[in-house]
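Below is model-v2.txt, which holds compact mmCIF, N, CA and C atoms.
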```txt
# COMPACT_ATOMS: atom_id res chain seq x y z
N MET A 1 126.35 150.30 149.77
CA MET A 1 126.40 148.88 149.96
C MET A 1 125.92 148.21 148.67
N PRO A 2 126.67 147.23 148.15
CA PRO A 2 126.29 146.58 146.89
C PRO A 2 125.05 145.70 147.03
N ASN A 3 124.36 145.54 145.92
CA ASN A 3 123.17 144.72 145.84
C ASN A 3 123.54 143.42 145.12
N TYR A 4 123.25 142.27 145.70
CA TYR A 4 123.61 140.97 145.11
C TYR A 4 122.34 140.20 144.77
N ARG A 5 122.38 139.44 143.68
CA ARG A 5 121.24 138.64 143.24
C ARG A 5 121.49 137.17 143.56
N PHE A 6 120.46 136.52 144.05
CA PHE A 6 120.52 135.10 144.39
C PHE A 6 119.42 134.36 143.64
N ARG A 7 119.68 133.07 143.30
CA ARG A 7 118.69 132.23 142.63
C ARG A 7 118.71 130.85 143.27
N CYS A 8 117.52 130.33 143.62
CA CYS A 8 117.44 129.01 144.23
C CYS A 8 117.15 127.96 143.16
N ALA A 9 117.14 126.68 143.56
CA ALA A 9 116.90 125.58 142.63
C ALA A 9 115.47 125.60 142.10
N GLU A 10 114.55 126.22 142.83
CA GLU A 10 113.15 126.32 142.40
C GLU A 10 112.96 127.39 141.32
N GLY A 11 113.97 128.21 141.10
CA GLY A 11 113.89 129.27 140.08
C GLY A 11 113.55 130.63 140.63
N CYS A 12 113.40 130.75 141.93
CA CYS A 12 113.11 132.05 142.54
C CYS A 12 114.37 132.91 142.52
N GLU A 13 114.20 134.18 142.23
CA GLU A 13 115.32 135.14 142.27
C GLU A 13 114.98 136.25 143.24
N PHE A 14 115.97 136.69 143.97
CA PHE A 14 115.79 137.82 144.88
C PHE A 14 117.11 138.56 145.02
N ASP A 15 117.02 139.81 145.42
CA ASP A 15 118.19 140.65 145.64
C ASP A 15 118.37 140.88 147.13
N ALA A 16 119.62 140.97 147.54
CA ALA A 16 119.94 141.24 148.94
C ALA A 16 121.15 142.17 148.99
N MET A 17 121.19 142.99 150.02
CA MET A 17 122.30 143.93 150.17
C MET A 17 123.22 143.44 151.28
N TYR A 18 124.50 143.34 150.95
CA TYR A 18 125.54 142.96 151.90
C TYR A 18 126.74 143.87 151.69
N SER A 19 127.54 144.04 152.71
CA SER A 19 128.80 144.73 152.50
C SER A 19 129.71 143.80 151.71
N MET A 20 130.69 144.35 151.02
CA MET A 20 131.54 143.54 150.16
C MET A 20 132.35 142.51 150.95
N SER A 21 132.62 142.78 152.20
CA SER A 21 133.40 141.83 153.00
C SER A 21 132.53 140.73 153.61
N ASP A 22 131.21 140.93 153.70
CA ASP A 22 130.33 139.98 154.36
C ASP A 22 129.39 139.23 153.42
N VAL A 23 129.55 139.34 152.11
CA VAL A 23 128.60 138.70 151.19
C VAL A 23 128.79 137.18 151.20
N PRO A 24 127.70 136.42 151.42
CA PRO A 24 127.83 134.96 151.41
C PRO A 24 127.70 134.40 149.99
N ARG A 25 128.18 133.18 149.79
CA ARG A 25 128.01 132.51 148.50
C ARG A 25 126.60 131.97 148.35
N GLN A 26 125.95 131.64 149.47
CA GLN A 26 124.59 131.11 149.47
C GLN A 26 123.78 131.82 150.54
N ALA A 27 122.49 131.94 150.27
CA ALA A 27 121.58 132.56 151.24
C ALA A 27 120.24 131.83 151.18
N GLU A 28 119.43 132.00 152.20
CA GLU A 28 118.12 131.37 152.23
C GLU A 28 117.16 132.15 151.35
N CYS A 29 116.42 131.44 150.50
CA CYS A 29 115.47 132.07 149.59
C CYS A 29 114.34 132.70 150.40
N ALA A 30 114.00 133.93 150.05
CA ALA A 30 112.94 134.64 150.76
C ALA A 30 111.56 134.08 150.42
N ALA A 31 111.40 133.47 149.24
CA ALA A 31 110.08 132.99 148.81
C ALA A 31 109.80 131.57 149.27
N CYS A 32 110.75 130.64 149.04
CA CYS A 32 110.46 129.22 149.32
C CYS A 32 111.31 128.65 150.46
N GLY A 33 112.32 129.36 150.92
CA GLY A 33 113.13 128.90 152.03
C GLY A 33 114.27 127.96 151.64
N ALA A 34 114.42 127.66 150.34
CA ALA A 34 115.49 126.78 149.89
C ALA A 34 116.81 127.55 149.88
N LEU A 35 117.89 126.83 149.70
CA LEU A 35 119.21 127.44 149.65
C LEU A 35 119.42 128.06 148.27
N ALA A 36 119.77 129.32 148.20
CA ALA A 36 119.94 130.04 146.94
C ALA A 36 121.40 130.40 146.76
N LYS A 37 121.89 130.24 145.53
CA LYS A 37 123.28 130.59 145.21
C LYS A 37 123.35 131.99 144.62
N ARG A 38 124.46 132.63 144.86
CA ARG A 38 124.69 133.95 144.31
C ARG A 38 124.96 133.81 142.81
N VAL A 39 124.34 134.65 141.99
CA VAL A 39 124.54 134.61 140.54
C VAL A 39 125.31 135.84 140.11
N ILE A 40 125.98 135.72 138.99
CA ILE A 40 126.76 136.84 138.45
C ILE A 40 125.83 137.74 137.65
N THR A 41 125.87 139.02 137.93
CA THR A 41 125.08 140.00 137.21
C THR A 41 125.98 141.15 136.80
N ALA A 42 125.47 141.97 135.91
CA ALA A 42 126.21 143.14 135.46
C ALA A 42 126.22 144.17 136.59
N PRO A 43 127.33 144.87 136.77
CA PRO A 43 127.37 145.90 137.80
C PRO A 43 126.52 147.10 137.40
N HIS A 44 125.99 147.76 138.37
CA HIS A 44 125.19 148.96 138.13
C HIS A 44 126.11 150.17 138.26
N LEU A 45 126.59 150.65 137.13
CA LEU A 45 127.50 151.79 137.11
C LEU A 45 126.78 152.97 136.50
N SER A 46 127.08 154.13 136.98
CA SER A 46 126.46 155.34 136.45
C SER A 46 127.55 156.26 135.93
N ALA A 47 127.40 156.67 134.69
CA ALA A 47 128.38 157.56 134.08
C ALA A 47 127.95 159.02 134.22
N SER A 48 126.73 159.25 134.68
CA SER A 48 126.26 160.63 134.77
C SER A 48 126.69 161.25 136.08
N GLY A 49 126.88 162.54 136.05
CA GLY A 49 127.31 163.26 137.25
C GLY A 49 126.15 163.92 137.95
N GLY A 50 126.46 164.79 138.86
CA GLY A 50 125.43 165.46 139.64
C GLY A 50 124.53 166.34 138.81
N SER A 51 125.05 166.94 137.74
CA SER A 51 124.22 167.81 136.91
C SER A 51 123.15 167.00 136.19
N ALA A 52 123.47 165.78 135.76
CA ALA A 52 122.47 164.94 135.10
C ALA A 52 121.38 164.54 136.06
N TYR A 53 121.74 164.20 137.30
CA TYR A 53 120.74 163.86 138.30
C TYR A 53 119.87 165.07 138.63
N GLY A 54 120.46 166.24 138.67
CA GLY A 54 119.69 167.45 138.92
C GLY A 54 118.68 167.71 137.82
N LEU A 55 119.09 167.47 136.58
CA LEU A 55 118.19 167.65 135.45
C LEU A 55 117.02 166.67 135.53
N LEU A 56 117.30 165.42 135.88
CA LEU A 56 116.22 164.44 136.02
C LEU A 56 115.27 164.82 137.15
N ASP A 57 115.81 165.32 138.25
CA ASP A 57 114.96 165.74 139.37
C ASP A 57 114.08 166.92 138.98
N ARG A 58 114.65 167.90 138.27
CA ARG A 58 113.86 169.06 137.84
C ARG A 58 112.78 168.65 136.85
N ALA A 59 113.08 167.70 135.96
CA ALA A 59 112.09 167.24 134.99
C ALA A 59 110.95 166.52 135.70
N ALA A 60 111.27 165.70 136.68
CA ALA A 60 110.23 165.00 137.43
C ALA A 60 109.40 165.98 138.25
N ARG A 61 110.05 166.98 138.84
CA ARG A 61 109.33 167.96 139.64
C ARG A 61 108.40 168.79 138.77
N SER A 62 108.84 169.16 137.55
CA SER A 62 108.01 169.98 136.68
C SER A 62 106.80 169.22 136.17
N ALA A 63 106.85 167.89 136.16
CA ALA A 63 105.68 167.10 135.75
C ALA A 63 104.56 167.22 136.77
N HIS A 64 104.90 167.38 138.04
CA HIS A 64 103.89 167.46 139.09
C HIS A 64 103.64 168.89 139.57
N GLU A 65 104.64 169.74 139.45
CA GLU A 65 104.52 171.12 139.90
C GLU A 65 105.02 172.06 138.80
N PRO A 66 104.27 172.20 137.70
CA PRO A 66 104.76 173.05 136.60
C PRO A 66 104.81 174.52 137.02
N GLN A 67 105.76 175.24 136.46
CA GLN A 67 105.87 176.67 136.74
C GLN A 67 104.76 177.41 136.01
N VAL A 68 104.20 178.41 136.66
CA VAL A 68 103.14 179.21 136.06
C VAL A 68 103.79 180.35 135.28
N VAL A 69 103.37 180.51 134.03
CA VAL A 69 103.92 181.56 133.16
C VAL A 69 102.86 182.60 132.95
N ASP A 70 103.18 183.88 133.22
CA ASP A 70 102.20 184.95 133.03
C ASP A 70 102.57 185.89 131.89
N ARG A 71 103.78 185.72 131.28
CA ARG A 71 104.17 186.53 130.13
C ARG A 71 105.26 185.80 129.36
N LEU A 72 105.50 186.24 128.15
CA LEU A 72 106.55 185.65 127.33
C LEU A 72 107.92 186.03 127.87
N PRO A 73 108.88 185.15 127.79
CA PRO A 73 110.22 185.52 128.25
C PRO A 73 110.85 186.54 127.32
N SER A 74 111.65 187.43 127.88
CA SER A 74 112.32 188.43 127.04
C SER A 74 113.48 187.75 126.32
N LEU A 75 113.62 188.09 125.05
CA LEU A 75 114.67 187.49 124.25
C LEU A 75 115.98 188.22 124.38
N GLY A 76 115.92 189.48 124.78
CA GLY A 76 117.15 190.25 124.90
C GLY A 76 117.68 190.63 123.52
N ALA A 77 118.86 191.15 123.50
CA ALA A 77 119.47 191.56 122.24
C ALA A 77 120.02 190.33 121.53
N ALA A 78 119.62 190.16 120.28
CA ALA A 78 120.10 189.02 119.50
C ALA A 78 121.53 189.31 119.03
N PRO A 79 122.39 188.30 119.06
CA PRO A 79 123.75 188.53 118.58
C PRO A 79 123.75 188.80 117.08
N ARG A 80 124.53 189.78 116.68
CA ARG A 80 124.58 190.15 115.27
C ARG A 80 125.47 189.19 114.51
N GLN A 81 125.05 188.88 113.30
CA GLN A 81 125.85 188.02 112.43
C GLN A 81 126.97 188.84 111.83
N PRO A 82 128.19 188.30 111.82
CA PRO A 82 129.29 189.05 111.20
C PRO A 82 129.08 189.15 109.69
N VAL A 83 129.38 190.31 109.15
CA VAL A 83 129.22 190.57 107.72
C VAL A 83 130.58 190.46 107.05
N SER A 84 130.61 189.64 106.01
CA SER A 84 131.85 189.47 105.27
C SER A 84 131.90 190.47 104.11
N ARG A 85 133.01 191.13 103.96
CA ARG A 85 133.19 192.09 102.87
C ARG A 85 133.99 191.48 101.72
N ASN A 86 134.17 190.18 101.76
CA ASN A 86 134.93 189.50 100.71
C ASN A 86 134.11 189.50 99.42
N PRO A 87 134.65 190.01 98.31
CA PRO A 87 133.87 190.08 97.05
C PRO A 87 133.54 188.69 96.49
N LEU A 88 134.29 187.68 96.84
CA LEU A 88 133.99 186.34 96.34
C LEU A 88 132.72 185.77 96.97
N ARG A 89 132.41 186.20 98.15
CA ARG A 89 131.20 185.72 98.82
C ARG A 89 129.95 186.46 98.39
N ALA A 90 130.09 187.54 97.67
CA ALA A 90 128.94 188.32 97.24
C ALA A 90 128.10 187.55 96.23
N LYS A 91 128.69 186.60 95.51
CA LYS A 91 127.97 185.82 94.50
C LYS A 91 127.27 184.59 95.08
N LEU A 92 127.51 184.28 96.34
CA LEU A 92 126.87 183.13 96.95
C LEU A 92 125.38 183.39 97.17
N PRO A 93 124.54 182.34 97.10
CA PRO A 93 123.11 182.54 97.35
C PRO A 93 122.86 182.94 98.80
N ARG A 94 121.88 183.78 98.98
CA ARG A 94 121.54 184.25 100.32
C ARG A 94 120.33 183.48 100.84
N PRO A 95 120.25 183.27 102.14
CA PRO A 95 119.11 182.53 102.70
C PRO A 95 117.84 183.34 102.67
```

Could you spell out this file's structure in structure tokens?
Amino acid sequence: MPNYRFRCAEGCEFDAMYSMSDVPRQAECAACGALAKRVITAPHLSASGGSAYGLLDRAARSAHEPQVVDRLPSLGAAPRQPVSRNPLRAKLPRP
């Protein structure tokens, strides 16, 4: 359900949720009781998918419930760098 913003003549702003078919042009202000008009705001769109939300959830969870580590992780076999046998590359500086 979309969230709509309203502003009254007194300057109060509030948000209200309505279905797209039932949204009014004016609503009663929650703070002062005056008539508030609907204002145009930017839509709240999200470009991230489920994996991004999962990452955010795991990051928030690890802040409160960090994993206990009792040993270093194994690195496994490191991938070997390919060796070039080209004689022109033999003169290049080595790292």

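For chain A, backbone-based DSSP assignment of strand (DSSP E or B) covers Asn3, Tyr4, Arg5, Phe6, Arg7, Cys8, Glu13, Phe14, Asp15, Ala16, Met17, Gln26, Ala27, Glu28, Leu35, Ala36, Lys37 and Arg38 of chain A.
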
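You will find atom N of Gln26 of chain A at 12.2 Å from atom CA of Ile40 of chain A.
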
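Atom pair atom C of Phe6 of chain A / atom CA of Val39 of chain A has a distance of 6.0 Å (rounded to one decimal).
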
Work out where the centre of an axis-aligned box around every listed atom of segment 12-22 of chain A lies and how long its edges are once 3 Å is added on each side; give both in Å to one decimal as lines of an AutoDock Vina configuration file.
```
center_x = 123.3
center_y = 137.7
center_z = 148.1
size_x = 26.3
size_y = 20.0
size_z = 18.4
```

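The interatomic distance for the pair atom CA of Cys12 of chain A and atom CA of Thr41 of chain A works out to 15.3 Å.
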
Quiz prompt | Shell of 6.5 Å around segment 14-17 of chain A, all atoms listed in the file, local chain residues under 6 positions omitted, as a PyMOL selection string | solution = chain A and resi 1-7

Could you please take those selected residues and save N, CA and C atoms as a tab-separated table (two decimals), keeping the file's coordinate frame?
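The resulting file, result_10.tsv, is shown below:
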```tsv
chain	number	residue	atom	x	y	z
A	1	MET	N	126.35	150.30	149.77
A	1	MET	CA	126.40	148.88	149.96
A	1	MET	C	125.92	148.21	148.67
A	2	PRO	N	126.67	147.23	148.15
A	2	PRO	CA	126.29	146.58	146.89
A	2	PRO	C	125.05	145.70	147.03
A	3	ASN	N	124.36	145.54	145.92
A	3	ASN	CA	123.17	144.72	145.84
A	3	ASN	C	123.54	143.42	145.12
A	4	TYR	N	123.25	142.27	145.70
A	4	TYR	CA	123.61	140.97	145.11
A	4	TYR	C	122.34	140.20	144.77
A	5	ARG	N	122.38	139.44	143.68
A	5	ARG	CA	121.24	138.64	143.24
A	5	ARG	C	121.49	137.17	143.56
A	6	PHE	N	120.46	136.52	144.05
A	6	PHE	CA	120.52	135.10	144.39
A	6	PHE	C	119.42	134.36	143.64
A	7	ARG	N	119.68	133.07	143.30
A	7	ARG	CA	118.69	132.23	142.63
A	7	ARG	C	118.71	130.85	143.27
```

Nearest to Glu28 of chain A, restricted to all atoms listed in the file and choosing among A:Ala42, A:Ala63, A:Cys8, A:Leu92, comes out as A:Cys8

Please write N, CA and C atoms of segment 2-51 of chain A, from the structure given just now, as a CSV table (one decimal), in the first residue's frame.
```csv
chain,number,residue,atom,x,y,z
A,2,PRO,N,0.7,2.2,-0.9
A,2,PRO,CA,1.5,3.4,-1.0
A,2,PRO,C,1.4,4.3,0.2
A,3,ASN,N,2.4,5.1,0.5
A,3,ASN,CA,2.4,6.0,1.6
A,3,ASN,C,2.3,7.4,1.0
A,4,TYR,N,1.4,8.2,1.4
A,4,TYR,CA,1.2,9.6,0.9
A,4,TYR,C,1.5,10.6,1.9
A,5,ARG,N,2.0,11.8,1.5
A,5,ARG,CA,2.3,12.9,2.4
A,5,ARG,C,1.3,14.0,2.3
A,6,PHE,N,0.9,14.5,3.4
A,6,PHE,CA,-0.1,15.6,3.5
A,6,PHE,C,0.5,16.8,4.2
A,7,ARG,N,0.1,18.0,3.9
A,7,ARG,CA,0.6,19.2,4.5
A,7,ARG,C,-0.6,20.1,4.7
A,8,CYS,N,-0.8,20.7,6.0
A,8,CYS,CA,-1.9,21.6,6.2
A,8,CYS,C,-1.4,23.0,6.1
A,9,ALA,N,-2.3,24.0,6.3
A,9,ALA,CA,-2.0,25.4,6.2
A,9,ALA,C,-1.1,25.9,7.3
A,10,GLU,N,-1.2,25.1,8.4
A,10,GLU,CA,-0.3,25.5,9.6
A,10,GLU,C,1.1,25.0,9.4
A,11,GLY,N,1.4,24.2,8.4
A,11,GLY,CA,2.8,23.8,8.1
A,11,GLY,C,3.0,22.4,8.7
A,12,CYS,N,2.1,21.7,9.2
A,12,CYS,CA,2.3,20.4,9.7
A,12,CYS,C,2.3,19.4,8.6
A,13,GLU,N,3.2,18.4,8.6
A,13,GLU,CA,3.3,17.4,7.6
A,13,GLU,C,3.1,16.0,8.3
A,14,PHE,N,2.4,15.2,7.6
A,14,PHE,CA,2.2,13.8,8.1
A,14,PHE,C,2.0,12.9,6.9
A,15,ASP,N,2.3,11.6,7.2
A,15,ASP,CA,2.2,10.6,6.1
A,15,ASP,C,1.0,9.7,6.5
A,16,ALA,N,0.3,9.2,5.5
A,16,ALA,CA,-0.8,8.3,5.6
A,16,ALA,C,-0.8,7.2,4.5
A,17,MET,N,-1.2,6.1,4.8
A,17,MET,CA,-1.3,5.0,3.9
A,17,MET,C,-2.7,4.8,3.4
A,18,TYR,N,-2.8,4.8,2.1
A,18,TYR,CA,-4.1,4.5,1.4
A,18,TYR,C,-3.9,3.6,0.2
A,19,SER,N,-4.9,2.9,-0.2
A,19,SER,CA,-4.8,2.1,-1.4
A,19,SER,C,-4.8,3.2,-2.6
A,20,MET,N,-4.3,2.8,-3.7
A,20,MET,CA,-4.2,3.7,-4.8
A,20,MET,C,-5.6,4.2,-5.3
A,21,SER,N,-6.6,3.3,-5.1
A,21,SER,CA,-7.9,3.7,-5.6
A,21,SER,C,-8.7,4.6,-4.6
A,22,ASP,N,-8.3,4.6,-3.3
A,22,ASP,CA,-9.0,5.3,-2.3
A,22,ASP,C,-8.3,6.5,-1.7
A,23,VAL,N,-7.2,7.0,-2.3
A,23,VAL,CA,-6.5,8.1,-1.7
A,23,VAL,C,-7.2,9.4,-1.9
A,24,PRO,N,-7.4,10.1,-0.9
A,24,PRO,CA,-8.2,11.4,-1.0
A,24,PRO,C,-7.2,12.5,-1.4
A,25,ARG,N,-7.8,13.6,-1.9
A,25,ARG,CA,-6.9,14.8,-2.2
A,25,ARG,C,-6.7,15.6,-0.9
A,26,GLN,N,-7.5,15.5,0.1
A,26,GLN,CA,-7.4,16.2,1.3
A,26,GLN,C,-7.7,15.3,2.5
A,27,ALA,N,-7.0,15.5,3.6
A,27,ALA,CA,-7.3,14.7,4.8
A,27,ALA,C,-7.2,15.6,6.0
A,28,GLU,N,-7.7,15.1,7.1
A,28,GLU,CA,-7.6,15.9,8.4
A,28,GLU,C,-6.2,15.7,9.0
A,29,CYS,N,-5.6,16.9,9.4
A,29,CYS,CA,-4.3,16.9,10.0
A,29,CYS,C,-4.3,16.1,11.3
A,30,ALA,N,-3.4,15.3,11.5
A,30,ALA,CA,-3.3,14.5,12.8
A,30,ALA,C,-2.9,15.4,13.9
A,31,ALA,N,-2.1,16.5,13.7
A,31,ALA,CA,-1.6,17.3,14.8
A,31,ALA,C,-2.6,18.4,15.2
A,32,CYS,N,-3.1,19.2,14.2
A,32,CYS,CA,-3.9,20.3,14.5
A,32,CYS,C,-5.4,20.2,14.1
A,33,GLY,N,-5.7,19.2,13.3
A,33,GLY,CA,-7.1,19.0,13.0
A,33,GLY,C,-7.6,19.8,11.8
A,34,ALA,N,-6.7,20.6,11.2
A,34,ALA,CA,-7.0,21.4,10.0
A,34,ALA,C,-7.1,20.5,8.8
A,35,LEU,N,-7.6,21.0,7.7
A,35,LEU,CA,-7.6,20.3,6.4
A,35,LEU,C,-6.3,20.3,5.7
A,36,ALA,N,-5.7,19.2,5.4
A,36,ALA,CA,-4.4,19.1,4.8
A,36,ALA,C,-4.5,18.6,3.4
A,37,LYS,N,-3.7,19.2,2.5
A,37,LYS,CA,-3.7,18.8,1.1
A,37,LYS,C,-2.6,17.8,0.9
A,38,ARG,N,-2.8,16.9,-0.1
A,38,ARG,CA,-1.8,15.9,-0.5
A,38,ARG,C,-0.7,16.7,-1.3
A,39,VAL,N,0.6,16.4,-1.0
A,39,VAL,CA,1.7,17.0,-1.6
A,39,VAL,C,2.4,16.0,-2.5
A,40,ILE,N,3.1,16.5,-3.5
A,40,ILE,CA,3.8,15.6,-4.4
A,40,ILE,C,5.2,15.3,-3.8
A,41,THR,N,5.5,14.1,-3.7
A,41,THR,CA,6.8,13.6,-3.2
A,41,THR,C,7.4,12.7,-4.2
A,42,ALA,N,8.7,12.4,-4.0
A,42,ALA,CA,9.4,11.4,-4.9
A,42,ALA,C,9.0,10.0,-4.5
A,43,PRO,N,8.8,9.2,-5.5
A,43,PRO,CA,8.4,7.8,-5.1
A,43,PRO,C,9.6,7.0,-4.5
A,44,HIS,N,9.2,6.1,-3.6
A,44,HIS,CA,10.2,5.3,-2.9
A,44,HIS,C,10.4,4.0,-3.7
A,45,LEU,N,11.4,4.0,-4.6
A,45,LEU,CA,11.7,2.9,-5.4
A,45,LEU,C,13.0,2.2,-5.0
A,46,SER,N,13.0,0.9,-5.0
A,46,SER,CA,14.2,0.2,-4.6
A,46,SER,C,14.8,-0.6,-5.8
A,47,ALA,N,16.0,-0.4,-6.1
A,47,ALA,CA,16.7,-1.1,-7.2
A,47,ALA,C,17.4,-2.3,-6.8
A,48,SER,N,17.5,-2.5,-5.5
A,48,SER,CA,18.2,-3.7,-5.0
A,48,SER,C,17.3,-4.9,-4.9
A,49,GLY,N,17.8,-6.1,-5.1
A,49,GLY,CA,17.0,-7.3,-5.1
A,49,GLY,C,17.1,-8.0,-3.7
A,50,GLY,N,16.7,-9.2,-3.7
A,50,GLY,CA,16.6,-10.0,-2.5
A,50,GLY,C,18.0,-10.2,-1.9
A,51,SER,N,19.0,-10.4,-2.7
A,51,SER,CA,20.4,-10.6,-2.2
A,51,SER,C,20.9,-9.4,-1.5
```
